[in-house]
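Q: One structure, pasted below without further comment.
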Protein chains: 2
Amino acid sequence: MSVLATPDQLADARAARRAYREGLAEPTSGVAAGLTQANLIAVPADWAFETLLFAQRNPKPCPVLEVIEQGRVESALAPGSDIRTDIGQYRIWRDGKLAEEVTDATDAWDEHPDLVAFLIGCSFTFEAGLVEAGIPIRHQELGRNVPMYRTNVSCAPAGRLSGELVVSMRPIPASRVADAVQISGRTPAVHGAPVHIGDPASLGILDLAAPDFGDAPEMRDGEIPVFWACGVTPQAAIMASRPPFAVTHSPGYMFITDVPDAEYIV
Amino acid sequence: MSVLATPDQLADARAARRAYREGLAEPTSGVAAGLTQANLIAVPADWAFETLLFAQRNPKPCPVLEVIEQGRVESALAPGSDIRTDIGQYRIWRDGKLAEEVTDATDAWDEHPDLVAFLIGCSFTFEAGLVEAGIPIRHQELGRNVPMYRTNVSCAPAGRLSGELVVSMRPIPASRVADAVQISGRTPAVHGAPVHIGDPASLGILDLAAPDFGDAPEMRDGEIPVFWACGVTPQAAIMASRPPFAVTHSPGYMFITDVPDAEYIV
């Protein structure tokens, strides 16, 4: 499909990217509603094939929306953008360890001009569909970040890159779980249907109240924990696989594109 | 999904791969019915990132089912297989030109031990769904190869790789075109919905009776030419981009996997 954004949506997206470029550091939940947001992971060119292969082998957690090649910094999904500056907050990784968080990654690209940047789909895209169907998204209602958990499920490795699947969790009323599966299943390019429904223990999640990333959830009576593959999975692979250098977005601070969410509905 | 093949299907697939390994050179249409068949393209390691990126940017013609890394020859989609021998007929490309067709590509791998092999989805997968829905597949009925055409549509380039979209064409009764769209649209991992319906001229196809690959079609009254993105597209990119060396299957002589077609239905 080729779904076009409205002029208002495009104006919102451009204003948001400009604000982040000028230093604003705020999470992007709810910003430029209806447009796709993306996770960022950038690695030196020597790691690019393995990163793309890791994504190809693990498409549910790592749906690649775009690859910005060595020497380029503009996303084709957002003409006029600069991937070094237009995200609110970045994480700089050295040897698999988080070295610093910055609001401008120009220095990182200056230090490693051969960085190849990957934009990875984000669950915000299917959340819009859930809300439209009247399925409440608890963390949105509470103004929190979605809870994310490391699991005991290994991703398919690719060369030097390996790691565990990271999942996000949304509490869904038992009567709406099937709808949530079908709605998110229509966007296979942005995580798709859940990977696991109920029974956190068999994923190796012993305490839902203590997520590894994001904020603690609030479970209510009659709700089932529903788990989706999460775009933070590549960050976990970086921690586990220790490339010498990498840049990612900070969780919750996504890259805002000009592409409507509807573009990714099958 | 994880759909399992039946013991009979697996026995058929293994027998077919064994026969091709022993030298049989026959097209695979109808062989091991219900199991996924794949296109092959293998390139030197130096070209692997660009090939994977070309596929990522052109997912409709180049849906990657598996990447078999440098030094490996067994497909994870077919345990016990050997990608060098288990296809009925191979094409060897030198500097973008077809150098020879062989029934065993072991010499090619000996010459270039760094070959990285890509298995690309094949339209046979969605044809099974069309037939089940009572939509006739003319070239199957006639025992011919599907007609394939080069078009005036450029693929998104990736580094040194560029080329034109190749499409396959099936004549579909006007009353069933919408069904054909919806059925094939459920398998986005194997070409998905058509890229073009009717009006061949606007794709740059001036004579339907003269396909660039495969056999001439037979159009009947009330039928619309329906065009799908075709897995021969990477071969056209090789011809256009001239890597020093490449190995592909010969059109119609596919790699037979152990994976049911149903695995790729969303």
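The chains in the structure tokens are called A, B, ... from first to last as shown; in each chain the residues are counted from 1, and the ligands are counted from 1 in the order shown.
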Skipping near chain neighbours, those fewer than 4 positions away, what residues fall within 9 Å of Gly71 in chain B using only C-alpha atoms, listed as a PyMOL selection string?
A: chain B and resi 113-116
Q: Write out as a list in words the residues lying within 7 Å of Asn145 in chain B, counting only C-alpha atoms and excluding same-chain residues fewer than 4 positions away.
A: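 My reading of the contact set: His139, Gly214, Asp215 and Gly252 of chain B.
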Q: Hey, list the chain B side of the contact with chain A: 12 Å cut-off, only C-alpha atoms, answer as a ChimeraX atom specification.
A: /B:1-2,45-60,63-71,76,116,118,156-159,181-189,192-196,264-266
Q: Of the candidates B:Ile137, B:Ala246, B:Ala117, B:Ala16, which shows the shortest atom-to-atom distance to Thr28 in chain B, using only C-alpha atoms?
A: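 Closest to Thr28 in chain B of all the choices is B:Ala16.
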Q: Using backbone DSSP assignments, extract all strand (DSSP E or B) residues from range 43-231 of chain A; output them as a ChimeraX atom specification.
A: /A:43-44,64-68,90-94,97-102,115-121,148-154,158,161,164-173,196-197,213,223-229
Q: Show me, as a count of residues only, the residues that have an atom within 10 Å of Glu218 in chain A when counting only C-alpha atoms, minus same-chain residues fewer than 6 positions from it.
A: 8
Q: Residues near range 224-233 of chain A, anyone? I mean within 8 Å using only C-alpha atoms, not counting same-chain ones fewer than 4 positions away, as an mmCIF file with N, CA and C atoms, in the first residue's frame.
A:
data_model
loop_
_atom_site.group_PDB
_atom_site.id
_atom_site.type_symbol
_atom_site.label_atom_id
_atom_site.label_comp_id
_atom_site.auth_asym_id
_atom_site.auth_seq_id
_atom_site.Cartn_x
_atom_site.Cartn_y
_atom_site.Cartn_z
ATOM 1 N N ASN A 39 12.414 2.309 16.207
ATOM 2 C CA ASN A 39 13.612 2.089 17.009
ATOM 3 C C ASN A 39 14.843 2.322 16.132
ATOM 4 N N LYS A 60 10.148 -10.974 14.074
ATOM 5 C CA LYS A 60 9.120 -10.457 14.978
ATOM 6 C C LYS A 60 9.699 -9.390 15.906
ATOM 7 N N PRO A 61 10.810 -9.618 16.574
ATOM 8 C CA PRO A 61 11.359 -8.522 17.389
ATOM 9 C C PRO A 61 12.097 -7.458 16.579
ATOM 10 N N CYS A 62 12.579 -7.795 15.384
ATOM 11 C CA CYS A 62 13.454 -6.875 14.640
ATOM 12 C C CYS A 62 12.940 -6.603 13.225
ATOM 13 N N PRO A 63 11.731 -6.061 13.085
ATOM 14 C CA PRO A 63 11.234 -5.766 11.736
ATOM 15 C C PRO A 63 11.922 -4.523 11.169
ATOM 16 N N ILE A 120 13.884 0.184 13.063
ATOM 17 C CA ILE A 120 13.150 -1.048 13.379
ATOM 18 C C ILE A 120 11.738 -0.665 13.823
ATOM 19 N N GLY A 121 10.751 -1.413 13.347
ATOM 20 C CA GLY A 121 9.353 -1.136 13.690
ATOM 21 C C GLY A 121 9.100 -1.112 15.183
ATOM 22 N N CYS A 122 8.044 -0.457 15.574
ATOM 23 C CA CYS A 122 7.754 -0.155 16.975
ATOM 24 C C CYS A 122 6.303 -0.522 17.268
ATOM 25 N N SER A 123 6.056 -0.985 18.469
ATOM 26 C CA SER A 123 4.705 -1.450 18.810
ATOM 27 C C SER A 123 3.690 -0.323 18.874
ATOM 28 N N MET A 148 8.760 -3.886 29.704
ATOM 29 C CA MET A 148 9.494 -4.793 28.808
ATOM 30 C C MET A 148 10.318 -5.761 29.657
ATOM 31 N N GLY A 163 21.485 -13.206 21.336
ATOM 32 C CA GLY A 163 20.871 -12.595 22.510
ATOM 33 C C GLY A 163 19.499 -13.176 22.742
ATOM 34 N N GLU A 164 18.871 -12.715 23.799
ATOM 35 C CA GLU A 164 17.558 -13.234 24.165
ATOM 36 C C GLU A 164 16.461 -12.313 23.651
ATOM 37 N N LEU A 165 15.318 -12.921 23.397
ATOM 38 C CA LEU A 165 14.128 -12.166 22.997
ATOM 39 C C LEU A 165 13.690 -11.260 24.144
ATOM 40 N N VAL A 166 13.427 -9.995 23.828
ATOM 41 C CA VAL A 166 12.806 -9.069 24.772
ATOM 42 C C VAL A 166 11.352 -8.898 24.340
ATOM 43 N N VAL A 167 10.446 -8.908 25.325
ATOM 44 C CA VAL A 167 9.015 -8.756 25.017
ATOM 45 C C VAL A 167 8.455 -7.542 25.739
ATOM 46 N N SER A 168 7.424 -6.950 25.130
ATOM 47 C CA SER A 168 6.635 -5.942 25.839
ATOM 48 C C SER A 168 5.345 -6.619 26.295
ATOM 49 N N MET A 169 4.740 -6.082 27.359
ATOM 50 C CA MET A 169 3.530 -6.717 27.895
ATOM 51 C C MET A 169 2.418 -5.689 28.034
ATOM 52 N N ARG A 170 1.226 -6.102 27.590
ATOM 53 C CA ARG A 170 0.030 -5.285 27.792
ATOM 54 C C ARG A 170 -1.033 -6.159 28.457
ATOM 55 N N PRO A 171 -1.616 -5.683 29.577
ATOM 56 C CA PRO A 171 -2.723 -6.432 30.189
ATOM 57 C C PRO A 171 -3.974 -6.237 29.332
ATOM 58 N N ILE A 172 -4.593 -7.332 28.922
ATOM 59 C CA ILE A 172 -5.764 -7.261 28.035
ATOM 60 C C ILE A 172 -6.908 -8.043 28.692
ATOM 61 N N PRO A 173 -8.129 -7.469 28.713
ATOM 62 C CA PRO A 173 -9.264 -8.225 29.255
ATOM 63 C C PRO A 173 -9.423 -9.543 28.502
ATOM 64 N N ALA A 174 -9.713 -10.618 29.225
ATOM 65 C CA ALA A 174 -9.769 -11.955 28.618
ATOM 66 C C ALA A 174 -10.691 -11.982 27.399
ATOM 67 N N VAL A 177 -8.703 -10.629 24.214
ATOM 68 C CA VAL A 177 -7.385 -11.147 23.819
ATOM 69 C C VAL A 177 -7.383 -11.599 22.364
ATOM 70 N N HIS A 191 6.073 -6.103 14.384
ATOM 71 C CA HIS A 191 5.984 -7.071 15.481
ATOM 72 C C HIS A 191 4.835 -8.073 15.328
ATOM 73 N N GLY A 192 3.735 -7.698 14.702
ATOM 74 C CA GLY A 192 2.675 -8.665 14.419
ATOM 75 C C GLY A 192 1.966 -9.183 15.658
ATOM 76 N N ALA A 193 1.460 -10.412 15.551
ATOM 77 C CA ALA A 193 0.680 -11.020 16.631
ATOM 78 C C ALA A 193 1.575 -11.293 17.842
ATOM 79 N N PRO A 194 0.965 -11.441 19.018
ATOM 80 C CA PRO A 194 1.760 -11.726 20.224
ATOM 81 C C PRO A 194 2.595 -12.995 20.065
ATOM 82 N N VAL A 195 3.690 -13.068 20.837
ATOM 83 C CA VAL A 195 4.506 -14.288 20.840
ATOM 84 C C VAL A 195 4.106 -15.210 21.976
ATOM 85 N N HIS A 196 3.305 -14.706 22.931
ATOM 86 C CA HIS A 196 3.024 -15.482 24.140
ATOM 87 C C HIS A 196 1.829 -14.832 24.829
ATOM 88 N N ILE A 197 0.895 -15.659 25.305
ATOM 89 C CA ILE A 197 -0.308 -15.131 25.971
ATOM 90 C C ILE A 197 -0.501 -15.851 27.294
ATOM 91 N N GLY A 198 -0.446 -15.096 28.391
ATOM 92 C CA GLY A 198 -0.551 -15.683 29.721
ATOM 93 C C GLY A 198 0.740 -16.392 30.130
ATOM 94 N N ASP A 199 0.727 -16.945 31.374
ATOM 95 C CA ASP A 199 1.827 -17.769 31.896
ATOM 96 C C ASP A 199 3.222 -17.152 31.721
ATOM 97 N N PRO A 200 3.473 -16.028 32.382
ATOM 98 C CA PRO A 200 4.794 -15.390 32.253
ATOM 99 C C PRO A 200 5.942 -16.311 32.657
ATOM 100 N N MET A 219 -1.882 -4.672 36.695
ATOM 101 C CA MET A 219 -2.778 -5.739 36.247
ATOM 102 C C MET A 219 -4.083 -5.632 37.030
ATOM 103 N N ALA A 237 20.793 -7.739 22.308
ATOM 104 C CA ALA A 237 21.816 -8.477 21.558
ATOM 105 C C ALA A 237 23.153 -7.739 21.607
ATOM 106 N N PRO A 251 15.088 3.958 25.168
ATOM 107 C CA PRO A 251 13.736 3.397 25.138
ATOM 108 C C PRO A 251 12.674 4.474 25.372
#
Q: What does the structure give for the distance between CA of Glu26 in chain B and CA of Leu77 in chain B, in Å to one decimal?
A: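 So the answer is 21.1 Å.
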Q: Residues of range 107-252 of chain A classed as helix (DSSP H, G or I) by DSSP on the backbone are to be reported as a ChimeraX atom specification.
A: /A:107-111,124-132,138-141,174-185,188-190,200-203,233-241
Q: Would you save the residues of that selection, restricted to N, CA and C atoms, as a CSV table (one decimal), in the first residue's frame?
A:
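Heads up, here's the output in selection12.csv:
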chain,number,residue,atom,x,y,z
A,107,ASP,N,28.5,13.6,17.5
A,107,ASP,CA,29.9,13.2,17.8
A,107,ASP,C,30.1,11.7,17.6
A,108,ALA,N,29.1,10.9,17.8
A,108,ALA,CA,29.2,9.5,17.6
A,108,ALA,C,29.4,9.2,16.1
A,109,TRP,N,28.7,9.9,15.2
A,109,TRP,CA,28.9,9.7,13.8
A,109,TRP,C,30.3,10.3,13.4
A,110,ASP,N,30.7,11.3,14.0
A,110,ASP,CA,32.0,11.9,13.7
A,110,ASP,C,33.1,10.9,14.1
A,111,GLU,N,32.9,10.2,15.2
A,111,GLU,CA,33.9,9.2,15.7
A,111,GLU,C,33.9,8.0,14.8
A,124,PHE,N,4.2,0.9,18.9
A,124,PHE,CA,3.2,2.0,18.9
A,124,PHE,C,2.2,1.9,17.7
A,125,THR,N,2.8,1.3,16.6
A,125,THR,CA,2.0,1.2,15.4
A,125,THR,C,0.7,0.4,15.6
A,126,PHE,N,0.9,-0.8,16.2
A,126,PHE,CA,-0.3,-1.6,16.4
A,126,PHE,C,-1.2,-1.2,17.6
A,127,GLU,N,-0.5,-0.5,18.5
A,127,GLU,CA,-1.3,0.1,19.7
A,127,GLU,C,-2.5,1.0,19.2
A,128,ALA,N,-2.2,1.7,18.1
A,128,ALA,CA,-3.2,2.6,17.6
A,128,ALA,C,-4.4,1.8,17.1
A,129,GLY,N,-4.2,0.7,16.5
A,129,GLY,CA,-5.3,-0.2,16.1
A,129,GLY,C,-6.0,-0.8,17.2
A,130,LEU,N,-5.3,-1.1,18.3
A,130,LEU,CA,-6.0,-1.7,19.5
A,130,LEU,C,-6.9,-0.6,20.1
A,131,VAL,N,-6.4,0.6,20.2
A,131,VAL,CA,-7.2,1.7,20.8
A,131,VAL,C,-8.5,2.0,20.0
A,132,GLU,N,-8.3,2.0,18.7
A,132,GLU,CA,-9.4,2.2,17.8
A,132,GLU,C,-10.5,1.1,18.0
A,138,ARG,N,-3.2,0.1,28.9
A,138,ARG,CA,-3.0,0.5,30.3
A,138,ARG,C,-1.9,1.6,30.4
A,139,HIS,N,-0.7,1.2,29.9
A,139,HIS,CA,0.4,2.2,30.1
A,139,HIS,C,0.2,3.5,29.5
A,140,GLN,N,-0.6,3.5,28.4
A,140,GLN,CA,-0.9,4.9,27.8
A,140,GLN,C,-1.8,5.6,28.8
A,141,GLU,N,-2.9,4.9,29.3
A,141,GLU,CA,-3.8,5.6,30.2
A,141,GLU,C,-3.1,6.1,31.4
A,174,ALA,N,-9.7,-10.6,29.2
A,174,ALA,CA,-9.8,-12.0,28.6
A,174,ALA,C,-10.7,-12.0,27.4
A,175,SER,N,-11.8,-11.2,27.4
A,175,SER,CA,-12.7,-11.2,26.3
A,175,SER,C,-12.2,-10.5,25.1
A,176,ARG,N,-11.1,-9.8,25.2
A,176,ARG,CA,-10.5,-9.0,24.1
A,176,ARG,C,-9.2,-9.6,23.6
A,177,VAL,N,-8.7,-10.6,24.2
A,177,VAL,CA,-7.4,-11.1,23.8
A,177,VAL,C,-7.4,-11.6,22.4
A,178,ALA,N,-8.4,-12.3,22.0
A,178,ALA,CA,-8.5,-12.8,20.6
A,178,ALA,C,-8.5,-11.6,19.6
A,179,ASP,N,-9.3,-10.6,19.9
A,179,ASP,CA,-9.3,-9.4,19.1
A,179,ASP,C,-7.9,-8.7,19.0
A,180,ALA,N,-7.2,-8.7,20.1
A,180,ALA,CA,-5.9,-8.1,20.1
A,180,ALA,C,-4.9,-8.9,19.3
A,181,VAL,N,-5.0,-10.2,19.3
A,181,VAL,CA,-4.2,-11.1,18.4
A,181,VAL,C,-4.5,-10.7,16.9
A,182,GLN,N,-5.8,-10.7,16.6
A,182,GLN,CA,-6.1,-10.5,15.2
A,182,GLN,C,-5.7,-9.1,14.7
A,183,ILE,N,-5.9,-8.1,15.5
A,183,ILE,CA,-5.6,-6.7,15.1
A,183,ILE,C,-4.1,-6.6,14.9
A,184,SER,N,-3.3,-7.0,15.9
A,184,SER,CA,-1.9,-6.8,15.8
A,184,SER,C,-1.3,-7.8,14.7
A,185,GLY,N,-2.0,-8.9,14.5
A,185,GLY,CA,-1.5,-9.8,13.4
A,185,GLY,C,-1.6,-9.2,12.0
A,188,PRO,N,2.2,-7.4,10.4
A,188,PRO,CA,3.4,-8.3,10.6
A,188,PRO,C,4.7,-7.6,10.4
A,189,ALA,N,4.7,-6.4,9.8
A,189,ALA,CA,5.9,-5.6,9.6
A,189,ALA,C,6.3,-4.9,10.9
A,190,VAL,N,5.4,-4.8,11.8
A,190,VAL,CA,5.7,-4.1,13.1
A,190,VAL,C,5.4,-5.0,14.3
A,200,PRO,N,3.5,-16.0,32.4
A,200,PRO,CA,4.8,-15.4,32.3
A,200,PRO,C,5.9,-16.3,32.7
A,201,ALA,N,5.7,-17.2,33.6
A,201,ALA,CA,6.8,-18.0,34.1
A,201,ALA,C,7.4,-18.9,33.0
A,202,SER,N,6.7,-19.3,32.1
A,202,SER,CA,7.3,-20.2,31.0
A,202,SER,C,8.1,-19.4,30.1
A,203,LEU,N,8.0,-18.1,30.1
A,203,LEU,CA,9.0,-17.2,29.4
A,203,LEU,C,10.2,-16.9,30.2
A,233,THR,N,14.9,-5.7,21.6
A,233,THR,CA,15.7,-7.0,21.4
A,233,THR,C,17.1,-6.7,20.8
A,234,PRO,N,17.2,-5.9,19.8
A,234,PRO,CA,18.6,-5.6,19.3
A,234,PRO,C,19.5,-5.0,20.3
A,235,GLN,N,19.0,-4.2,21.2
A,235,GLN,CA,19.8,-3.6,22.3
A,235,GLN,C,20.3,-4.7,23.2
A,236,ALA,N,19.4,-5.7,23.5
A,236,ALA,CA,19.8,-6.8,24.3
A,236,ALA,C,20.9,-7.6,23.6
A,237,ALA,N,20.8,-7.7,22.3
A,237,ALA,CA,21.8,-8.5,21.6
A,237,ALA,C,23.2,-7.7,21.6
A,238,ILE,N,23.1,-6.4,21.6
A,238,ILE,CA,24.3,-5.6,21.7
A,238,ILE,C,25.0,-5.8,23.0
A,239,MET,N,24.1,-5.8,24.1
A,239,MET,CA,24.7,-6.0,25.4
A,239,MET,C,25.4,-7.4,25.5
A,240,ALA,N,24.7,-8.4,24.9
A,240,ALA,CA,25.2,-9.8,25.0
A,240,ALA,C,26.4,-10.0,24.0
A,241,SER,N,26.5,-9.3,22.9
A,241,SER,CA,27.4,-9.6,21.9
A,241,SER,C,28.6,-8.7,21.8
Q: Could you state the separation of CA of Arg14 in chain A and CA of Val259 in chain A in Å, given to one decimal place?
A: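 CA of Val259 in chain A lies 11.9 Å from CA of Arg14 in chain A.
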Q: What's the 10 Å shell around Leu35 in chain B, counting only C-alpha atoms, without same-chain residues fewer than 4 positions away, as number ranges by chain?
A: B: 5-6, 9-10, 12-13, 30-31, 124-125, 128, 256-263
Q: Let's have the selection written as a PDB file, in the first residue's frame, with C-alpha atoms.
A:
ATOM      1  CA  ALA B   5       4.774 -31.289   7.404  1.00  0.00           C
ATOM      2  CA  THR B   6       3.195 -34.739   7.277  1.00  0.00           C
ATOM      3  CA  GLN B   9       5.255 -34.864   2.540  1.00  0.00           C
ATOM      4  CA  LEU B  10       8.660 -35.127   4.206  1.00  0.00           C
ATOM      5  CA  ASP B  12       8.425 -36.862  -0.871  1.00  0.00           C
ATOM      6  CA  ALA B  13      10.687 -33.852  -0.254  1.00  0.00           C
ATOM      7  CA  GLY B  30       3.899 -30.160  -8.453  1.00  0.00           C
ATOM      8  CA  VAL B  31       6.736 -31.979  -6.656  1.00  0.00           C
ATOM      9  CA  PHE B 124       4.232 -21.776  -6.044  1.00  0.00           C
ATOM     10  CA  THR B 125       3.306 -21.189  -2.393  1.00  0.00           C
ATOM     11  CA  ALA B 128      -1.656 -23.708  -3.986  1.00  0.00           C
ATOM     12  CA  ILE B 256      12.377 -28.019  -2.151  1.00  0.00           C
ATOM     13  CA  THR B 257      12.138 -27.402   1.593  1.00  0.00           C
ATOM     14  CA  ASP B 258      10.519 -29.372   4.417  1.00  0.00           C
ATOM     15  CA  VAL B 259       8.350 -26.353   5.357  1.00  0.00           C
ATOM     16  CA  PRO B 260       4.595 -26.475   4.604  1.00  0.00           C
ATOM     17  CA  ASP B 261       3.218 -23.631   2.488  1.00  0.00           C
ATOM     18  CA  ALA B 262       0.770 -22.967   5.330  1.00  0.00           C
ATOM     19  CA  GLU B 263       3.701 -21.762   7.477  1.00  0.00           C
TER      20      GLU B 263
END
